[in-house]
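Pasted below: coords.cif, mmCIF, C-alpha atoms.
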data_final
#
loop_
_atom_site.label_atom_id
_atom_site.label_comp_id
_atom_site.auth_asym_id
_atom_site.auth_seq_id
_atom_site.Cartn_x
_atom_site.Cartn_y
_atom_site.Cartn_z
CA MET A 293 -83.04 -16.18 -68.78
CA GLY A 294 -81.27 -19.32 -67.62
CA LYS A 295 -79.87 -22.15 -69.69
CA LEU A 296 -80.18 -25.94 -69.82
CA PHE A 297 -77.09 -28.09 -70.34
CA LEU A 298 -77.53 -31.75 -71.36
CA VAL A 299 -74.43 -33.47 -70.00
CA PRO A 300 -73.40 -37.03 -70.94
CA THR A 301 -71.93 -39.20 -68.19
CA PRO A 302 -69.78 -42.36 -68.52
CA ILE A 303 -71.53 -45.60 -69.43
CA GLY A 304 -69.05 -47.54 -67.33
CA ASN A 305 -65.49 -46.26 -67.44
CA LEU A 306 -65.14 -43.07 -65.39
CA GLU A 307 -62.22 -41.97 -67.57
CA ASP A 308 -64.77 -41.24 -70.32
CA MET A 309 -65.99 -38.19 -68.39
CA THR A 310 -64.89 -35.08 -70.28
CA PHE A 311 -63.13 -32.06 -68.78
CA ARG A 312 -65.91 -29.88 -70.15
CA ALA A 313 -68.63 -31.98 -68.54
CA ILE A 314 -66.94 -31.65 -65.14
CA LYS A 315 -66.57 -27.89 -65.61
CA VAL A 316 -70.24 -27.42 -66.52
CA LEU A 317 -71.47 -29.55 -63.62
CA LYS A 318 -69.39 -27.49 -61.21
CA GLU A 319 -70.62 -24.16 -62.58
CA VAL A 320 -74.40 -24.66 -62.94
CA ASP A 321 -76.81 -23.77 -60.13
CA LEU A 322 -78.55 -27.14 -60.02
CA ILE A 323 -78.14 -30.64 -61.47
CA LEU A 324 -81.19 -32.68 -62.44
CA ALA A 325 -80.31 -36.38 -62.06
CA GLU A 326 -82.17 -39.55 -63.04
CA ASP A 327 -81.06 -41.22 -59.79
CA THR A 328 -79.46 -38.98 -57.17
CA ARG A 329 -77.77 -41.96 -55.48
CA THR A 330 -76.04 -43.08 -58.67
CA SER A 331 -75.15 -39.54 -59.70
CA GLY A 332 -74.05 -38.67 -56.18
CA LYS A 333 -71.24 -41.22 -56.42
CA LEU A 334 -70.15 -39.78 -59.77
CA LEU A 335 -70.15 -36.21 -58.48
CA LYS A 336 -68.24 -37.19 -55.35
CA HIS A 337 -65.57 -38.87 -57.49
CA PHE A 338 -65.02 -35.66 -59.47
CA GLU A 339 -65.37 -33.41 -56.40
CA ILE A 340 -68.51 -31.70 -57.68
CA ASP A 341 -70.69 -30.26 -54.90
CA THR A 342 -73.47 -28.70 -56.98
CA PRO A 343 -76.97 -29.40 -55.52
CA LEU A 344 -78.84 -32.39 -56.97
CA GLN A 345 -82.54 -32.83 -57.72
CA SER A 346 -84.23 -36.05 -58.80
CA HIS A 347 -85.65 -35.95 -62.34
CA HIS A 348 -86.75 -39.26 -63.86
CA MET A 349 -89.41 -40.84 -66.05
CA HIS A 350 -91.90 -41.06 -63.16
CA ASN A 351 -91.81 -37.38 -62.18
CA GLU A 352 -90.62 -35.47 -65.25
CA HIS A 353 -94.17 -34.51 -66.33
CA LYS A 354 -95.03 -33.13 -62.88
CA GLN A 355 -91.80 -31.15 -62.58
CA LEU A 356 -91.81 -29.62 -66.05
CA ASP A 357 -93.58 -26.32 -65.30
CA ALA A 358 -91.54 -25.68 -62.14
CA ILE A 359 -88.25 -26.34 -63.93
CA ILE A 360 -89.19 -24.06 -66.82
CA GLN A 361 -90.03 -21.36 -64.28
CA LYS A 362 -86.60 -21.76 -62.67
CA LEU A 363 -84.93 -21.38 -66.06
CA GLU A 364 -87.01 -18.32 -66.91
CA GLU A 365 -85.93 -16.77 -63.61
CA GLY A 366 -82.27 -17.14 -64.59
CA THR A 367 -81.27 -20.48 -63.07
CA THR A 368 -78.69 -22.52 -64.98
CA LEU A 369 -79.42 -26.25 -64.95
CA ALA A 370 -77.63 -29.40 -66.05
CA LEU A 371 -79.48 -32.61 -66.82
CA ILE A 372 -77.70 -35.96 -66.46
CA SER A 373 -78.91 -39.55 -66.68
CA ASP A 374 -77.48 -42.56 -64.86
CA ALA A 375 -75.23 -43.29 -67.83
CA GLY A 376 -74.75 -41.92 -71.32
CA THR A 377 -76.39 -38.98 -73.05
CA PRO A 378 -79.71 -37.65 -71.67
CA ALA A 379 -82.82 -38.24 -73.82
CA ILE A 380 -81.32 -41.29 -75.59
CA SER A 381 -83.67 -43.92 -74.10
CA ASP A 382 -83.53 -41.81 -70.92
CA PRO A 383 -85.34 -38.72 -69.54
CA GLY A 384 -84.55 -35.47 -71.32
CA PHE A 385 -86.79 -35.12 -74.36
CA LEU A 386 -89.76 -33.53 -72.56
CA LEU A 387 -87.62 -30.91 -70.84
CA THR A 388 -85.63 -30.13 -73.98
CA ARG A 389 -88.80 -29.69 -76.01
CA ALA A 390 -90.32 -27.42 -73.36
CA CYS A 391 -87.18 -25.26 -73.32
CA VAL A 392 -87.24 -24.93 -77.11
CA GLN A 393 -90.92 -23.98 -77.01
CA ASN A 394 -90.21 -21.30 -74.38
CA ASN A 395 -87.13 -19.91 -76.16
CA ILE A 396 -84.79 -21.10 -73.41
CA GLU A 397 -81.27 -21.88 -74.57
CA VAL A 398 -80.31 -25.56 -74.64
CA GLU A 399 -76.79 -26.88 -75.11
CA CYS A 400 -75.95 -30.59 -75.39
CA LEU A 401 -72.35 -31.57 -74.70
CA PRO A 402 -70.80 -34.41 -76.72
CA GLY A 403 -69.95 -37.53 -74.81
CA ALA A 404 -70.66 -41.16 -74.02
CA THR A 405 -73.52 -42.96 -75.77
CA ALA A 406 -73.67 -46.77 -75.76
CA PHE A 407 -74.97 -47.37 -79.27
CA VAL A 408 -72.17 -45.51 -81.11
CA PRO A 409 -69.25 -47.79 -80.12
CA ALA A 410 -71.48 -50.86 -80.53
CA LEU A 411 -72.45 -49.80 -84.05
CA VAL A 412 -68.91 -48.89 -85.09
CA ASN A 413 -67.29 -52.08 -83.78
CA SER A 414 -70.01 -54.34 -85.18
CA GLY A 415 -68.40 -54.47 -88.61
CA LEU A 416 -71.83 -53.86 -90.15
CA PRO A 417 -72.58 -50.90 -92.47
CA ASN A 418 -72.85 -47.70 -90.41
CA ASP A 419 -73.18 -45.03 -93.08
CA ARG A 420 -76.97 -45.30 -92.71
CA PHE A 421 -78.68 -46.81 -89.68
CA VAL A 422 -81.89 -46.80 -87.64
CA PHE A 423 -81.76 -46.42 -83.87
CA GLU A 424 -84.75 -48.23 -82.31
CA GLY A 425 -83.74 -48.23 -78.65
CA PHE A 426 -85.91 -50.62 -76.62
CA LEU A 427 -88.62 -52.51 -78.50
CA PRO A 428 -92.18 -52.30 -77.12
CA VAL A 429 -92.60 -54.86 -74.34
CA LYS A 430 -96.03 -56.11 -75.42
CA LYS A 431 -98.39 -53.87 -77.38
CA GLY A 432 -97.03 -53.04 -80.81
CA ARG A 433 -93.99 -55.32 -80.57
CA GLN A 434 -95.09 -57.73 -83.33
CA THR A 435 -96.08 -54.89 -85.66
CA ARG A 436 -92.75 -53.14 -85.09
CA LEU A 437 -90.78 -56.30 -85.86
CA GLU A 438 -92.80 -56.95 -89.02
CA THR A 439 -92.05 -53.42 -90.23
CA LEU A 440 -88.36 -53.60 -89.36
CA ALA A 441 -87.97 -56.92 -91.16
CA GLU A 442 -88.12 -54.94 -94.44
CA GLU A 443 -85.70 -52.21 -93.31
CA LYS A 444 -82.54 -52.12 -95.46
CA ARG A 445 -80.51 -49.91 -93.12
CA THR A 446 -78.57 -51.31 -90.15
CA LEU A 447 -80.76 -51.58 -87.03
CA VAL A 448 -79.65 -50.71 -83.49
CA PHE A 449 -81.47 -51.85 -80.34
CA TYR A 450 -81.01 -51.69 -76.58
CA GLU A 451 -81.95 -54.74 -74.52
CA SER A 452 -81.85 -55.93 -70.91
CA PRO A 453 -80.22 -59.26 -69.98
CA HIS A 454 -83.42 -61.07 -68.98
CA LYS A 455 -85.07 -60.31 -72.34
CA LEU A 456 -82.08 -60.85 -74.63
CA VAL A 457 -82.69 -64.51 -75.56
CA LYS A 458 -86.38 -63.84 -76.23
CA THR A 459 -85.52 -60.87 -78.44
CA LEU A 460 -82.88 -62.79 -80.40
CA THR A 461 -85.36 -65.65 -80.87
CA GLN A 462 -87.89 -63.19 -82.31
CA PHE A 463 -85.22 -61.69 -84.57
CA GLY A 464 -84.72 -65.18 -85.99
CA GLU A 465 -88.46 -65.49 -86.60
CA TYR A 466 -88.92 -62.09 -88.24
CA PHE A 467 -85.51 -61.31 -89.78
CA GLY A 468 -84.28 -64.84 -90.50
CA THR A 469 -81.76 -66.92 -88.56
CA ASP A 470 -78.99 -66.21 -91.08
CA ARG A 471 -79.17 -62.39 -90.70
CA PRO A 472 -75.76 -60.95 -89.62
CA ILE A 473 -75.82 -59.53 -86.11
CA SER A 474 -73.50 -58.11 -83.46
CA VAL A 475 -74.25 -58.01 -79.74
CA SER A 476 -72.15 -55.85 -77.38
CA ARG A 477 -72.43 -55.92 -73.61
CA GLU A 478 -70.90 -53.98 -70.73
CA LEU A 479 -69.31 -51.44 -73.06
CA THR A 480 -66.27 -49.62 -71.58
CA LYS A 481 -66.40 -51.88 -68.49
CA LEU A 482 -64.08 -54.63 -67.31
CA TYR A 483 -66.06 -57.46 -68.90
CA GLU A 484 -66.84 -55.75 -72.20
CA GLU A 485 -67.68 -58.28 -74.90
CA THR A 486 -68.91 -58.26 -78.49
CA VAL A 487 -70.33 -61.40 -80.11
CA ARG A 488 -70.72 -61.40 -83.88
CA GLY A 489 -72.27 -63.90 -86.29
CA THR A 490 -75.67 -64.85 -87.61
CA VAL A 491 -78.76 -64.53 -85.44
CA ALA A 492 -78.71 -68.33 -84.95
CA GLU A 493 -75.04 -68.34 -83.91
CA VAL A 494 -75.34 -65.47 -81.48
CA LEU A 495 -78.58 -66.88 -80.01
CA LYS A 496 -76.84 -70.23 -79.41
CA HIS A 497 -74.00 -68.40 -77.64
CA PHE A 498 -76.30 -66.67 -75.17
CA GLU A 499 -78.47 -69.74 -74.65
CA THR A 500 -75.40 -71.52 -73.30
CA LYS A 501 -73.87 -68.47 -71.61
CA PRO A 502 -76.48 -66.62 -69.49
CA PRO A 503 -76.63 -62.91 -70.45
CA LYS A 504 -75.27 -60.43 -67.90
CA GLY A 505 -75.06 -56.64 -68.15
CA GLU A 506 -76.67 -54.16 -70.50
CA PHE A 507 -76.78 -54.97 -74.23
CA VAL A 508 -76.67 -53.17 -77.56
CA ILE A 509 -77.81 -55.26 -80.53
CA VAL A 510 -76.78 -54.29 -84.07
CA VAL A 511 -78.58 -56.09 -86.90
CA ALA A 512 -77.76 -55.94 -90.61
CA GLY A 513 -80.51 -54.53 -92.81
CA LYS A 514 -82.42 -56.67 -95.27
CA GLN A 515 -80.41 -57.44 -98.40
#

Transcribe the structure of this file into structure tokens.
Amino acid sequence: MGKLFLVPTPIGNLEDMTFRAIKVLKEVDLILAEDTRTSGKLLKHFEIDTPLQSHHMHNEHKQLDAIIQKLEEGTTLALISDAGTPAISDPGFLLTRACVQNNIEVECLPGATAFVPALVNSGLPNDRFVFEGFLPVKKGRQTRLETLAEEKRTLVFYESPHKLVKTLTQFGEYFGTDRPISVSRELTKLYEETVRGTVAEVLKHFETKPPKGEFVIVVAGKQ
């Protein structure tokens, strides 16, 4: 029986790659990558020549049975996403679940995940929090926001630059414009930035300064 390794990759700074992650990626038989072009650059940098296979949200359902068969035949696999820890708003859950259901060993290495540093440096309570990832684009978005407006734990979201202002505007409508909030962008990269304040203050900042990069939004729970 083979084994599946879930291997985090840097979210920006290549120095966040762990020694163990490099070792595992060199030793497995095959690496499943969200984007082989992106991962190819990472592997080249660390002199890893293990074969790559594309595995992303558009083909993960179709590949599932074949990958499970490989694992059952003794193949060792590593799954990586473009950045961060697999299955956290990235492919990985379906394969992990299938391995568990088929009694195939799964091991997840610790490593980079964008929401952890954003939550910790927000200055908002982090003893209890809710990770929401990306909000629904259309269907169910309003209902989700109405429900979360009553949540007392700190809320954590991912958001893309072209939707940030719209999302912050909706937070003002559903959570109140005076709700404390922290927005981090480009974590671990050269232009890393965290903006803290009320929803109104942070919204004003990004209305005058066009959003660039990937964002993590941390919102205080209802008091």

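Computed from the coordinates, the atom CA of A:Lys336 to atom CA of A:Ile314 distance equals 11.3 Å.
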
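Checking A:Gly415, A:Glu493, A:Leu363, A:Glu506 one by one against A:Asn395, counting only C-alpha atoms, you find the shortest gap at A:Leu363.
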
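Picked out by the PyMOL selection byres ((chain A and resi 340) around 12) when it runs on this file: Ala313, Ile314, Lys315, Val316, Leu317, Lys318, Glu319, Val320, Asp321, Leu322, Ile323, Ser331, Gly332, Lys333, Leu334, Leu335, Lys336, His337, Phe338, Glu339, Asp341, Thr342, Pro343 and Leu344 of chain A.
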
query: Can you list what the PyMOL selection byres ((chain A and resi 416-428) around 10) grabs from this structure, as a ChimeraX atom specification?
result: /A:380-381,407-408,411-415,429-437,440,443-452,459,472-474,488,508-513

Just say which residues the PyMOL selection byres ((chain A and resi 306) around 10) picks in this file, as a PyMOL selection string.
-> chain A and resi 301-305+307-310+334+337-338+480-481

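Closest approach to A:Arg312 among A:Gly403, A:Val475, A:Gly505, A:Thr486: A:Gly403, based on all atoms listed in the file.
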
Expressed in Å, the length from atom CA of A:Ser346 to atom CA of A:Thr328 is 5.8 Å

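Of note, atom CA of A:Phe498 and atom CA of A:Pro378 are spaced 29.4 Å apart.
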
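Proximity ranking of A:Val494, A:Ala441, A:Cys391, A:Cys400 relative to A:Pro300 places A:Cys400 first, based on all atoms listed in the file.
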
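Considering all atoms listed in the file, the residue among A:Ile396, A:Leu456, A:Ala390, A:Ala379 positioned nearest to A:Pro503 is A:Leu456.
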
Starting from the sparse input, extend stretch 411-437 of chain A to N, CA, C and O atoms and give the output as a short mmCIF file (atom, residue, chain, number, x, y, z; two decimals), keeping the file's coordinate frame.
data_model
loop_
_atom_site.label_atom_id
_atom_site.label_comp_id
_atom_site.auth_asym_id
_atom_site.auth_seq_id
_atom_site.Cartn_x
_atom_site.Cartn_y
_atom_site.Cartn_z
N LEU A 411 -72.21 -49.85 -82.61
CA LEU A 411 -72.45 -49.80 -84.05
C LEU A 411 -71.13 -49.81 -84.81
O LEU A 411 -70.95 -50.57 -85.77
N VAL A 412 -70.18 -49.01 -84.37
CA VAL A 412 -68.91 -48.89 -85.09
C VAL A 412 -68.11 -50.18 -85.04
O VAL A 412 -67.53 -50.60 -86.04
N ASN A 413 -68.10 -50.86 -83.86
CA ASN A 413 -67.29 -52.08 -83.78
C ASN A 413 -68.01 -53.34 -84.24
O ASN A 413 -67.45 -54.43 -84.20
N SER A 414 -69.25 -53.18 -84.71
CA SER A 414 -70.01 -54.34 -85.18
C SER A 414 -69.47 -54.91 -86.50
O SER A 414 -69.63 -56.09 -86.79
N GLY A 415 -68.84 -54.04 -87.29
CA GLY A 415 -68.40 -54.47 -88.61
C GLY A 415 -69.51 -54.44 -89.64
O GLY A 415 -69.31 -54.81 -90.80
N LEU A 416 -70.69 -53.98 -89.23
CA LEU A 416 -71.83 -53.86 -90.15
C LEU A 416 -71.88 -52.44 -90.70
O LEU A 416 -71.34 -51.51 -90.10
N PRO A 417 -72.53 -52.24 -91.87
CA PRO A 417 -72.58 -50.90 -92.47
C PRO A 417 -73.11 -49.86 -91.49
O PRO A 417 -74.14 -50.07 -90.85
N ASN A 418 -72.40 -48.73 -91.35
CA ASN A 418 -72.85 -47.70 -90.41
C ASN A 418 -72.99 -46.33 -91.05
O ASN A 418 -73.13 -45.33 -90.36
N ASP A 419 -72.97 -46.31 -92.40
CA ASP A 419 -73.18 -45.03 -93.08
C ASP A 419 -74.64 -44.60 -93.00
O ASP A 419 -74.95 -43.41 -92.99
N ARG A 420 -75.54 -45.57 -92.89
CA ARG A 420 -76.97 -45.30 -92.71
C ARG A 420 -77.50 -46.34 -91.73
O ARG A 420 -77.32 -47.53 -91.93
N PHE A 421 -78.17 -45.88 -90.67
CA PHE A 421 -78.68 -46.81 -89.68
C PHE A 421 -79.93 -46.27 -89.03
O PHE A 421 -80.24 -45.08 -89.12
N VAL A 422 -80.66 -47.15 -88.35
CA VAL A 422 -81.89 -46.80 -87.64
C VAL A 422 -81.72 -47.16 -86.17
O VAL A 422 -81.44 -48.32 -85.84
N PHE A 423 -81.84 -46.17 -85.30
CA PHE A 423 -81.76 -46.42 -83.87
C PHE A 423 -83.17 -46.66 -83.33
O PHE A 423 -84.01 -45.77 -83.37
N GLU A 424 -83.43 -47.87 -82.81
CA GLU A 424 -84.75 -48.23 -82.31
C GLU A 424 -84.84 -48.20 -80.79
O GLU A 424 -85.93 -48.20 -80.24
N GLY A 425 -83.69 -48.20 -80.11
CA GLY A 425 -83.74 -48.23 -78.65
C GLY A 425 -84.38 -49.52 -78.17
O GLY A 425 -84.13 -50.59 -78.73
N PHE A 426 -85.22 -49.44 -77.14
CA PHE A 426 -85.91 -50.62 -76.62
C PHE A 426 -87.18 -50.88 -77.42
O PHE A 426 -87.96 -49.97 -77.67
N LEU A 427 -87.39 -52.12 -77.83
CA LEU A 427 -88.62 -52.51 -78.50
C LEU A 427 -89.79 -52.44 -77.51
O LEU A 427 -89.59 -52.56 -76.30
N PRO A 428 -91.02 -52.24 -78.02
CA PRO A 428 -92.18 -52.30 -77.12
C PRO A 428 -92.21 -53.64 -76.39
O PRO A 428 -91.87 -54.68 -76.97
N VAL A 429 -92.59 -53.62 -75.13
CA VAL A 429 -92.60 -54.86 -74.34
C VAL A 429 -93.70 -55.80 -74.81
O VAL A 429 -93.47 -56.99 -75.03
N LYS A 430 -94.91 -55.27 -75.00
CA LYS A 430 -96.03 -56.11 -75.42
C LYS A 430 -96.76 -55.49 -76.61
O LYS A 430 -96.58 -55.89 -77.75
N LYS A 431 -97.57 -54.48 -76.34
CA LYS A 431 -98.39 -53.87 -77.38
C LYS A 431 -97.51 -53.22 -78.46
O LYS A 431 -96.65 -52.40 -78.17
N GLY A 432 -97.75 -53.63 -79.69
CA GLY A 432 -97.03 -53.04 -80.81
C GLY A 432 -95.71 -53.72 -81.15
O GLY A 432 -95.08 -53.38 -82.15
N ARG A 433 -95.29 -54.67 -80.34
CA ARG A 433 -93.99 -55.32 -80.57
C ARG A 433 -93.98 -56.11 -81.90
O ARG A 433 -93.06 -55.97 -82.70
N GLN A 434 -95.01 -56.92 -82.11
CA GLN A 434 -95.09 -57.73 -83.33
C GLN A 434 -95.14 -56.85 -84.57
O GLN A 434 -94.44 -57.09 -85.56
N THR A 435 -95.96 -55.81 -84.52
CA THR A 435 -96.08 -54.89 -85.66
C THR A 435 -94.76 -54.20 -85.96
O THR A 435 -94.36 -54.06 -87.13
N ARG A 436 -94.04 -53.79 -84.91
CA ARG A 436 -92.75 -53.14 -85.09
C ARG A 436 -91.75 -54.09 -85.76
O ARG A 436 -91.02 -53.70 -86.67
N LEU A 437 -91.71 -55.33 -85.30
CA LEU A 437 -90.78 -56.30 -85.86
C LEU A 437 -91.12 -56.62 -87.32
O LEU A 437 -90.22 -56.76 -88.15
#
